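S.K.: Before anything else, here's the structure in question.
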Amino acid sequence: MIEIRFHGRAGQGMVTAADLVSIAAGFEKKFSQAFPFFGSEKRGPPVTSYCRISSKPITIHEQVRQPHIVVV
């Protein structure tokens, strides 16, 4: 399983980037999941998005703690 964590600020497209990577993995016949984590601030909060890609079904549904790839 490959785990990816995306870091940015609101509006920089990190949630969209994680979603696109997940969709691209699906086109390659891989299992994938992508989900965001938002802060509670109103303006420009930090955003973290997570993506997992695997050749087997993914059974864990929690934050990525030790990613293989970090995108900033």
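In the structure tokens, chains take the letters A, B, ... in the order shown, each chain's residues start at 1, and ligands count up from 1 in the order shown.
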For the alpha helix (DSSP H) assignment from backbone DSSP, which residues of chain A qualify? Please present them as JSON, numbers by chain.
M.R.: {"A": [14, 15, 16, 17, 18, 19, 20, 21, 22, 23, 24, 25, 26, 27]}
S.K.: Could you give me, as a list in words, the residues within 9 Å of Pro67 of chain A, counting only C-alpha atoms and dropping anything in the same chain fewer than 4 positions from it?
M.R.: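 In the requested format, the answer is Ile2, Glu3, Ile4, Arg5 and Tyr50 of chain A.
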S.K.: Would you mind exporting C-alpha atoms of the selected residues as a short mmCIF file (atom, residue, chain, number, x, y, z; two decimals), in the first residue's frame?
M.R.:
data_model
loop_
_atom_site.label_atom_id
_atom_site.label_comp_id
_atom_site.auth_asym_id
_atom_site.auth_seq_id
_atom_site.Cartn_x
_atom_site.Cartn_y
_atom_site.Cartn_z
CA ILE A 2 1.22 3.49 -0.85
CA GLU A 3 0.15 6.27 1.51
CA ILE A 4 0.33 9.93 0.51
CA ARG A 5 -0.24 13.04 2.64
CA TYR A 50 -4.78 11.83 2.61
#
S.K.: Env of Phe27 of chain A: 12 Å cut, atoms = only C-alpha atoms, seq-sep filter 6 positions within chain, self excluded. Answer as a ChimeraX atom specification.
M.R.: /A:20-21,53
S.K.: Restricting the calculation to only C-alpha atoms: of A:Ala10, A:Val64, A:Val70, A:Cys51, which residue gets closest to Phe31 of chain A?
M.R.: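 Counting only C-alpha atoms, the residue closest to Phe31 of chain A is A:Cys51.
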S.K.: Which value, in Å to one decimal, gives the distance between atom CA of Ala17 of chain A and atom CA of Ser49 of chain A?
M.R.: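 Answer for the atom CA of Ala17 of chain A to atom CA of Ser49 of chain A separation: 8.6 Å.
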S.K.: Have a look at atom CA of Ser32 of chain A and atom CA of Ser54 of chain A and let me know their distance in Å, one decimal.
M.R.: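 Atom-to-atom, atom CA of Ser32 of chain A and atom CA of Ser54 of chain A are spaced 6.3 Å apart.
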